[in-house]
>>> print(open('target.cif').read())   # mmCIF, C-alpha atoms and all ligand atoms
data_final
#
loop_
_atom_site.label_atom_id
_atom_site.label_comp_id
_atom_site.auth_asym_id
_atom_site.auth_seq_id
_atom_site.Cartn_x
_atom_site.Cartn_y
_atom_site.Cartn_z
CA MET A 1 38.08 -26.77 -16.91
CA ARG A 2 38.10 -23.37 -18.52
CA LEU A 3 35.14 -24.30 -20.72
CA THR A 4 33.16 -25.54 -17.74
CA SER A 5 33.56 -22.28 -15.88
CA LEU A 6 32.57 -20.30 -18.96
CA LEU A 7 29.47 -22.41 -19.34
CA SER A 8 28.49 -21.99 -15.71
CA LEU A 9 29.05 -18.26 -16.03
CA ALA A 10 26.69 -18.22 -19.02
CA ALA A 11 24.11 -20.14 -16.98
CA LEU A 12 24.38 -17.63 -14.16
CA THR A 13 24.06 -14.74 -16.59
CA SER A 14 20.87 -16.11 -18.08
CA ILE A 15 19.39 -16.59 -14.60
CA SER A 16 20.10 -12.97 -13.83
CA ILE A 17 18.03 -11.77 -16.83
CA ALA A 18 14.90 -11.40 -14.75
CA LYS A 19 11.78 -11.92 -16.87
CA THR A 20 8.44 -12.54 -15.23
CA PRO A 21 5.46 -14.57 -16.57
CA GLY A 22 3.75 -11.28 -17.56
CA CYS A 23 6.49 -10.53 -20.13
CA GLY A 24 5.22 -10.70 -23.71
CA GLU A 25 1.56 -10.34 -22.63
CA ASP A 26 -0.59 -7.28 -23.38
CA ILE A 27 -1.51 -5.06 -20.41
CA PRO A 28 -4.71 -6.63 -18.94
CA SER A 29 -7.80 -4.65 -20.00
CA LYS A 30 -8.80 -3.70 -16.43
CA TYR A 31 -5.35 -2.16 -15.84
CA PRO A 32 -4.62 1.51 -16.59
CA LYS A 33 -3.22 2.39 -20.02
CA ALA A 34 0.49 3.25 -20.12
CA GLY A 35 0.94 6.77 -18.71
CA SER A 36 -2.03 6.61 -16.31
CA SER A 37 -3.21 5.03 -13.06
CA GLU A 38 -6.26 3.15 -11.78
CA SER A 39 -7.65 1.79 -8.46
CA LEU A 40 -7.94 -2.00 -8.51
CA SER A 41 -8.64 -5.00 -6.24
CA LEU A 42 -6.29 -7.92 -5.77
CA PRO A 43 -8.32 -10.93 -7.07
CA ASN A 44 -9.85 -13.20 -4.40
CA THR A 45 -9.05 -10.80 -1.56
CA ASP A 46 -10.66 -7.80 0.12
CA ARG A 47 -7.55 -5.71 -0.62
CA GLU A 48 -7.18 -2.70 -2.93
CA TYR A 49 -4.27 -0.90 -4.56
CA ARG A 50 -3.59 1.80 -7.12
CA LEU A 51 -1.46 0.98 -10.13
CA TYR A 52 0.48 3.37 -12.39
CA ILE A 53 2.07 2.18 -15.62
CA PRO A 54 4.72 4.48 -17.16
CA THR A 55 4.40 5.75 -20.72
CA SER A 56 7.63 3.97 -21.59
CA TYR A 57 6.22 0.53 -20.57
CA ASP A 58 7.03 -2.17 -23.11
CA LYS A 59 5.57 -5.64 -22.60
CA ASN A 60 8.87 -7.25 -23.56
CA THR A 61 11.14 -5.16 -21.34
CA PRO A 62 11.47 -6.01 -17.63
CA THR A 63 10.41 -2.84 -15.81
CA PRO A 64 11.28 -1.64 -12.29
CA VAL A 65 8.54 -1.34 -9.66
CA TYR A 66 8.18 1.23 -6.85
CA PHE A 67 5.81 0.41 -3.99
CA SER A 68 4.60 3.46 -2.02
CA PHE A 69 2.81 2.88 1.30
CA HIS A 70 0.56 5.59 2.78
CA GLY A 71 0.73 7.01 6.30
CA ALA A 72 -1.62 6.26 9.23
CA GLY A 73 -5.19 7.35 8.56
CA ARG A 74 -4.39 8.10 4.90
CA ASP A 75 -4.99 6.05 1.76
CA MET A 76 -3.60 4.96 -1.61
CA VAL A 77 -5.00 7.97 -3.51
CA GLU A 78 -3.42 10.46 -1.12
CA GLU A 79 -0.11 8.56 -1.24
CA GLU A 80 -0.01 8.76 -5.02
CA SER A 81 -0.37 12.52 -4.83
CA LEU A 82 2.07 12.85 -1.91
CA SER A 83 4.90 10.68 -3.23
CA GLN A 84 4.49 11.70 -6.89
CA PHE A 85 5.67 8.28 -8.05
CA SER A 86 3.14 8.55 -10.93
CA ASN A 87 4.79 11.75 -12.10
CA PRO A 88 7.26 11.13 -14.97
CA GLU A 89 9.36 14.05 -13.75
CA PHE A 90 10.34 11.98 -10.71
CA ASN A 91 9.69 8.48 -12.00
CA PRO A 92 10.32 8.30 -15.74
CA ASP A 93 10.40 4.55 -16.18
CA GLY A 94 8.95 2.57 -13.27
CA ILE A 95 5.61 0.97 -12.45
CA ALA A 96 4.24 2.50 -9.22
CA ILE A 97 2.03 0.55 -6.81
CA TYR A 98 0.13 2.21 -3.95
CA PRO A 99 -1.30 -0.52 -1.71
CA ASN A 100 -4.26 0.37 0.52
CA SER A 101 -4.26 -0.64 4.18
CA LYS A 102 -7.20 -2.50 5.73
CA ASN A 103 -8.25 0.10 8.28
CA GLY A 104 -5.85 3.03 7.76
CA TYR A 105 -2.90 1.36 9.54
CA TRP A 106 -0.07 -0.93 8.47
CA LEU A 107 1.36 -3.85 10.39
CA SER A 108 3.73 -2.47 13.08
CA SER A 109 1.31 0.28 14.12
CA PRO A 110 -0.39 -0.76 17.38
CA TYR A 111 -3.70 0.01 15.59
CA ALA A 112 -3.12 -2.33 12.65
CA ASN A 113 -5.45 -5.26 12.11
CA THR A 114 -3.13 -8.26 12.44
CA SER A 115 -5.57 -11.00 11.39
CA ARG A 116 -4.36 -13.18 8.48
CA PRO A 117 -3.98 -12.67 5.67
CA ASN A 118 -2.04 -9.70 7.05
CA ASP A 119 -0.22 -6.83 5.30
CA LEU A 120 2.88 -8.95 4.65
CA ASP A 121 0.78 -11.63 2.96
CA PHE A 122 -0.96 -8.91 0.92
CA THR A 123 2.35 -7.32 -0.18
CA ASN A 124 3.78 -10.72 -1.12
CA ASP A 125 0.67 -11.76 -3.07
CA LEU A 126 0.33 -8.38 -4.77
CA LEU A 127 3.93 -8.52 -6.02
CA THR A 128 3.36 -12.07 -7.31
CA HIS A 129 0.20 -10.90 -9.10
CA MET A 130 2.12 -8.02 -10.70
CA GLU A 131 4.85 -10.39 -11.89
CA GLU A 132 2.23 -12.69 -13.40
CA THR A 133 0.44 -9.92 -15.28
CA LEU A 134 3.17 -7.38 -16.19
CA CYS A 135 6.79 -7.56 -17.35
CA ILE A 136 8.72 -6.83 -14.18
CA ASP A 137 12.43 -6.61 -13.45
CA THR A 138 12.55 -8.69 -10.27
CA THR A 139 15.97 -7.25 -9.39
CA ARG A 140 14.59 -3.68 -9.29
CA VAL A 141 11.56 -3.83 -6.99
CA TYR A 142 11.65 -1.09 -4.31
CA SER A 143 9.63 -0.24 -1.22
CA ALA A 144 9.00 3.29 0.08
CA GLY A 145 6.47 4.92 2.37
CA LYS A 146 5.49 7.80 4.64
CA SER A 147 5.22 7.58 8.43
CA ASN A 148 3.48 4.28 9.34
CA GLY A 149 3.95 3.31 5.66
CA GLY A 150 7.67 4.01 6.06
CA GLY A 151 7.77 1.88 9.19
CA PHE A 152 6.09 -0.90 7.25
CA THR A 153 8.90 -0.88 4.64
CA SER A 154 11.19 -1.97 7.46
CA VAL A 155 8.75 -4.74 8.45
CA ILE A 156 8.92 -5.94 4.84
CA ALA A 157 12.74 -5.86 4.85
CA CYS A 158 12.79 -7.84 8.10
CA ASN A 159 10.71 -10.70 6.66
CA ALA A 160 12.92 -13.26 4.89
CA THR A 161 10.24 -14.24 2.35
CA VAL A 162 8.96 -10.83 1.34
CA GLY A 163 12.00 -8.64 2.02
CA SER A 164 14.28 -10.67 -0.22
CA ARG A 165 12.06 -9.77 -3.21
CA PHE A 166 12.84 -6.04 -2.74
CA ALA A 167 16.15 -4.44 -3.74
CA ALA A 168 16.05 -1.36 -1.48
CA PHE A 169 13.90 0.38 1.15
CA ALA A 170 13.13 4.01 1.94
CA ALA A 171 10.99 5.98 4.36
CA VAL A 172 9.97 9.59 4.81
CA SER A 173 9.22 10.54 8.46
CA GLY A 174 9.14 6.84 9.36
CA ALA A 175 7.12 5.77 12.41
CA TRP A 176 9.09 2.91 13.97
CA TYR A 177 7.89 0.45 16.58
CA ASP A 178 9.37 -2.55 18.33
CA THR A 179 7.69 -5.43 16.51
CA ALA A 180 9.48 -8.36 18.21
CA ASP A 181 6.41 -9.40 20.18
CA MET A 182 3.85 -8.34 17.60
CA LYS A 183 1.51 -10.98 16.23
CA GLY A 184 2.33 -11.81 12.61
CA VAL A 185 5.59 -9.84 12.60
CA GLY A 186 8.21 -11.04 15.14
CA SER A 187 11.86 -10.05 15.38
CA CYS A 188 13.76 -8.69 12.43
CA ALA A 189 15.11 -11.68 10.48
CA PRO A 190 15.98 -10.77 6.88
CA ALA A 191 17.29 -13.47 4.55
CA LYS A 192 21.07 -13.39 4.15
CA ARG A 193 22.22 -11.86 0.88
CA ASP A 194 25.55 -10.48 -0.35
CA GLU A 195 24.00 -7.23 -1.61
CA GLY A 196 22.66 -6.40 1.86
CA TYR A 197 19.56 -4.34 2.57
CA PRO A 198 19.94 -0.75 1.31
CA PHE A 199 17.98 1.47 3.66
CA LEU A 200 17.27 5.22 3.35
CA GLU A 201 15.40 7.51 5.74
CA PHE A 202 14.38 11.19 5.66
CA HIS A 203 13.30 12.86 8.90
CA GLY A 204 12.50 16.37 10.07
CA THR A 205 13.87 17.48 13.45
CA VAL A 206 10.60 19.16 14.52
CA ASP A 207 8.33 16.24 13.61
CA THR A 208 5.78 15.94 16.44
CA THR A 209 3.85 12.99 14.94
CA ALA A 210 6.86 10.65 14.66
CA PRO A 211 9.50 12.48 16.73
CA ILE A 212 13.06 11.90 15.45
CA ASP A 213 14.19 10.90 18.96
CA GLY A 214 11.16 8.66 19.55
CA ASP A 215 8.33 9.42 21.93
CA GLY A 216 9.72 7.62 24.94
CA ASP A 217 6.99 4.99 24.72
CA ALA A 218 5.88 3.19 21.58
CA LYS A 219 7.88 4.94 18.86
CA LEU A 220 11.61 4.22 18.51
CA PRO A 221 14.34 6.84 17.98
CA VAL A 222 15.27 6.97 14.28
CA ILE A 223 18.98 6.53 15.10
CA ASP A 224 18.19 3.12 16.65
CA VAL A 225 16.52 2.02 13.42
CA LEU A 226 19.41 3.28 11.27
CA GLN A 227 22.01 1.58 13.47
CA ALA A 228 19.99 -1.64 13.51
CA TRP A 229 20.04 -1.70 9.68
CA ALA A 230 23.75 -0.86 9.69
CA ALA A 231 24.27 -3.84 12.02
CA GLN A 232 22.09 -6.11 9.81
CA ASN A 233 24.36 -5.09 6.93
CA GLY A 234 27.57 -6.00 8.75
CA CYS A 235 28.52 -2.87 10.71
CA ALA A 236 29.25 -3.13 14.44
CA ASP A 237 26.43 -2.51 16.92
CA ASN A 238 25.72 1.21 17.44
CA ALA A 239 28.06 2.13 14.56
CA GLN A 240 28.49 5.84 13.86
CA PRO A 241 27.98 6.95 10.24
CA THR A 242 31.02 6.78 7.95
CA SER A 243 30.24 10.34 6.84
CA ASN A 244 27.79 13.07 7.86
CA VAL A 245 27.87 16.14 5.65
CA THR A 246 25.84 19.31 5.16
CA VAL A 247 23.87 19.22 1.90
CA PHE A 248 21.80 22.38 2.51
CA ASP A 249 22.46 25.37 4.78
CA ASP A 250 19.03 26.91 5.13
CA PRO A 251 17.27 24.97 6.43
CA LEU A 252 20.23 22.82 7.54
CA VAL A 253 20.07 19.33 6.03
CA LYS A 254 22.68 16.75 7.04
CA HIS A 255 23.28 13.60 5.01
CA ALA A 256 24.69 10.68 6.99
CA SER A 257 25.92 7.51 5.33
CA TRP A 258 27.15 4.14 6.59
CA ASP A 259 29.59 1.84 4.77
CA CYS A 260 29.26 -1.69 6.17
CA ASN A 261 31.13 -4.82 5.21
CA GLY A 262 32.27 -3.31 1.88
CA LEU A 263 28.73 -2.08 1.05
CA LYS A 264 29.20 1.64 0.41
CA GLY A 265 26.34 3.87 1.60
CA ILE A 266 24.18 0.85 2.43
CA VAL A 267 22.35 2.91 5.08
CA GLN A 268 21.66 6.62 4.50
CA HIS A 269 19.87 9.36 6.37
CA TYR A 270 18.75 12.94 5.70
CA ARG A 271 18.22 14.99 8.86
CA GLU A 272 16.12 18.04 7.96
CA SER A 273 16.18 20.95 10.42
CA ASP A 274 12.92 22.86 10.85
CA ASN A 275 10.95 20.25 8.89
CA GLY A 276 7.95 18.60 10.52
CA HIS A 277 6.03 15.43 9.61
CA CYS A 278 6.29 16.38 5.96
CA TRP A 279 7.28 14.86 2.65
CA PRO A 280 9.62 17.47 1.09
CA SER A 281 8.73 18.20 -2.49
CA THR A 282 9.14 20.53 -5.45
CA VAL A 283 5.40 20.32 -6.06
CA GLY A 284 2.97 21.69 -3.46
CA ASN A 285 1.73 18.50 -1.81
CA ASP A 286 -0.91 17.44 0.68
CA ASP A 287 1.45 17.67 3.68
CA PHE A 288 2.23 21.27 2.78
CA THR A 289 -1.46 22.10 2.33
CA ARG A 290 -2.32 20.62 5.72
CA ASN A 291 0.48 22.23 7.68
CA ALA A 292 2.55 24.75 5.70
CA ALA A 293 4.16 26.24 8.83
CA GLN A 294 5.71 22.86 9.70
CA CYS A 295 6.77 22.06 6.15
CA PRO A 296 9.49 24.54 5.10
CA LEU A 297 10.74 21.94 2.62
CA GLY A 298 7.27 21.46 1.14
CA SER A 299 6.58 24.61 -0.79
CA LEU A 300 6.46 25.19 -4.49
CA GLU A 301 8.70 28.25 -4.23
CA GLN A 302 11.62 26.46 -2.60
CA ASP A 303 12.19 24.51 -5.72
CA GLU A 304 15.97 24.46 -5.69
CA HIS A 305 16.16 23.50 -2.03
CA ASN A 306 13.73 20.68 -2.35
CA LYS A 307 14.59 19.00 -5.56
CA TYR A 308 17.18 16.90 -3.76
CA HIS A 309 14.55 14.81 -2.11
CA HIS A 310 13.18 12.85 -5.01
CA GLU A 311 16.42 12.92 -6.92
CA TYR A 312 18.42 11.28 -4.17
CA TRP A 313 15.86 8.55 -3.75
CA TYR A 314 15.98 7.60 -7.40
CA LYS A 315 19.74 7.98 -7.69
CA TYR A 316 20.03 5.75 -4.66
CA CYS A 317 17.83 3.03 -6.12
CA HIS A 318 19.55 3.18 -9.48
CA TRP A 319 22.99 3.19 -7.88
CA HIS A 320 22.18 0.02 -5.99
CA SER A 321 20.59 -1.66 -8.97
CA SER A 322 23.47 -0.89 -11.31
CA HIS A 323 26.13 -1.97 -8.82
CA LYS A 324 24.69 -5.03 -7.22
CA TYR A 325 22.23 -6.78 -9.49
C1 LIG B 401 -9.70 -7.42 11.06
O1 LIG B 401 -9.78 -8.02 9.79
C2 LIG B 401 -10.59 -9.18 9.75
C3 LIG B 401 -10.44 -9.83 8.39
O2 LIG B 401 -10.45 -8.88 7.35
C4 LIG B 401 -12.03 -8.78 10.07
O3 LIG B 401 -12.85 -9.92 10.07
C5 LIG B 401 -12.06 -8.13 11.46
O4 LIG B 401 -13.35 -7.66 11.74
C6 LIG B 401 -11.07 -6.97 11.54
N1 LIG B 401 -10.96 -6.52 12.92
C7 LIG B 401 -11.08 -5.25 13.26
C8 LIG B 401 -10.93 -4.93 14.72
O5 LIG B 401 -11.26 -4.35 12.43
C1 LIG B 402 6.89 -13.55 6.29
O1 LIG B 402 5.87 -13.22 5.37
C2 LIG B 402 5.27 -14.37 4.78
C3 LIG B 402 4.34 -13.89 3.70
O2 LIG B 402 3.38 -13.06 4.23
C4 LIG B 402 4.57 -15.17 5.86
O3 LIG B 402 3.99 -16.32 5.31
C5 LIG B 402 5.56 -15.56 6.94
O4 LIG B 402 4.88 -16.15 8.02
C6 LIG B 402 6.32 -14.34 7.45
N1 LIG B 402 7.42 -14.80 8.29
C7 LIG B 402 7.48 -14.52 9.56
C8 LIG B 402 8.66 -15.06 10.28
O5 LIG B 402 6.65 -13.84 10.13
C1 LIG B 403 24.98 14.37 11.78
O1 LIG B 403 25.42 15.59 12.32
C2 LIG B 403 24.43 16.38 12.99
C3 LIG B 403 25.07 17.64 13.53
O2 LIG B 403 25.61 18.42 12.52
C4 LIG B 403 23.83 15.60 14.12
O3 LIG B 403 22.79 16.35 14.72
C5 LIG B 403 23.28 14.28 13.61
O4 LIG B 403 22.83 13.51 14.69
C6 LIG B 403 24.35 13.51 12.85
N1 LIG B 403 23.74 12.33 12.24
C7 LIG B 403 24.01 11.09 12.64
C8 LIG B 403 23.24 10.01 11.97
O5 LIG B 403 24.84 10.83 13.47
#
>>> encode(input="target.cif", output="structure tokens")
Amino acid sequence: MRLTSLLSLAALTSISIAKTPGCGEDIPSKYPKAGSSESLSLPNTDREYRLYIPTSYDKNTPTPVYFSFHGAGRDMVEEESLSQFSNPEFNPDGIAIYPNSKNGYWLSSPYANTSRPNDLDFTNDLLTHMEETLCIDTTRVYSAGKSNGGGFTSVIACNATVGSRFAAFAAVSGAWYDTADMKGVGSCAPAKRDEGYPFLEFHGTVDTTAPIDGDGDAKLPVIDVLQAWAAQNGCADNAQPTSNVTVFDDPLVKHASWDCNGLKGIVQHYRESDNGHCWPSTVGNDDFTRNAAQCPLGSLEQDEHNKYHHEYWYKYCHWHSSHKY
């Protein structure tokens, strides 16, 4: 009896060592060299993406992957510069993937092209292609994005097939829409899993592009999205955060966190006073260049204030991966 359970434990353990078919193979010649990035096409499709391979990449070591989806009207090149996921200072050890939308919009935006294969099919196929060609840790695949790209991370999480391949989800200034009646999307129906769906959102209180309280029409209030993910993770409907603390005084930044069904901090939110539709950063980024007055958390000089942004995101991902997978 005892031996049987030991054996089955060993079997489980070996399953959890996540190696993909790309493990042991050299980096394909059309891919960027370790430490650089390149724009590529997904074979047999009309879809493009940018790929970054970290300097530390080793073909025999399963490596985490960070997807980063651009905002409406932007593209994969701008998203690489905005999110800085190809910068070893913020991302020392992960592969970064910047998918390109078809027409500037991701599924969930009313302007997205919904014809199949749609953005969910593309994301699913792109991840499969990455697993076939690189050595990927399938338990540490993450999805992040800005604005419409942030909203799309939620669409991914809501799809049982695609969402279950990602460990955690994050959005900066997410643009959220009701997708229940949208062609190719439907209501939110994630696959059941014990680890839940870690969900993190950053939002400025003076964002006029994706207003934090919604726009009364198409865009949803951010609190509705946070509470919906808390409920998906086992909290009661309309649950208040378990904690909501000040992390910066000037400008005021509040960090709210939900514990649901024993999953500590499974949903988290940073509410940034005085910040607009901007990705906060320690490096002067495109959002800051476009609209410095609305991006008090986007300047080079405010280094100490801003560092939290990237650091929390990575700590969050690593916390979840070390605890749950
Ligand atoms: C949507 O995408 C399909 C397939 O890529 C294309 O044939 C069609 O013209 C696109 N529609 C619009 C409105 O851009
Ligand atoms: C989820 O995504 C997959 C892959 O794109 C797709 O085949 C499937 O139809 C989607 N499921 C729903 C319920 O939309
Ligand atoms: C956290 O507290 C602030 C007030 O200090 C409030 O504006 C905000 O809505 C709270 N966050 C959540 C998610 O309840």
>>> residues_near_ligand(input="target.cif", ligand="ligand LIG 403 (chain B)", cutoff="8 Å", atoms="only C-alpha atoms and all ligand atoms", output="list in words")
Ile223, Leu226, Gln240, Pro241, Asn244, Val245, Thr246, Lys254, His255, Ala256, Ser257, His269 and Arg271 of chain A
>>> axis_aligned_box(input="target.cif", around="region 65-69 of chain A", padding_each_side="5 Å", output="AutoDock Vina command-line options")
--center_x 5.7 --center_y 1.1 --center_z -4.2 --size_x 15.7 --size_y 14.8 --size_z 21.0
>>> closest_atom_pairs(input="target.cif", of="chain A", to="ligand LIG 402 (chain B)", cutoff="6 Å", atoms="all atoms listed in the file", output="CSV")
residue,atom,partner,partner_atom,distance
A:Leu120,CA,B:LIG402,O2,4.2
A:Asp121,CA,B:LIG402,O2,3.2
A:Asn124,CA,B:LIG402,C3,5.8
A:Asn159,CA,B:LIG402,C1,4.8
A:Thr161,CA,B:LIG402,C1,5.2
A:Val162,CA,B:LIG402,O1,5.6
A:Gly184,CA,B:LIG402,O5,5.4
A:Val185,CA,B:LIG402,O5,4.8
A:Gly186,CA,B:LIG402,O5,5.9
>>> closest_residue(input="target.cif", among="A:Val206, A:Ala236, A:Ala112, A:Ile95", to="ligand LIG 401 (chain B)", atoms="only C-alpha atoms and all ligand atoms")
A:Ala112
>>> closest_residue(input="target.cif", among="A:Lys264, A:Arg140, A:Arg116, A:His203", to="ligand LIG 401 (chain B)", atoms="only C-alpha atoms and all ligand atoms")
A:Arg116
>>> residues_near_ligand(input="target.cif", ligand="ligand LIG 401 (chain B)", cutoff="12 Å", atoms="all atoms listed in the file", output="PyMOL selection string")
chain A and resi 45-47+101-107+110-119+122
>>> closest_residue(input="target.cif", among="A:Ala180, A:Val77, A:Cys188, A:Ala175", to="Cys158 (chain A)", atoms="all atoms listed in the file")
A:Cys188
>>> closest_residue(input="target.cif", among="A:Cys23, A:Ser108, A:Thr128, A:Cys235", to="Met182 (chain A)", atoms="all atoms listed in the file")
A:Ser108
>>> closest_residue(input="target.cif", among="A:Glu201, A:Glu80, A:Asp217, A:Asp194", to="Ala171 (chain A)", atoms="all atoms listed in the file")
A:Glu201
>>> atom_distance(input="target.cif", atom1="CA of Glu132 (chain A)", atom2="CA of Ser41 (chain A)")
15.1 Å
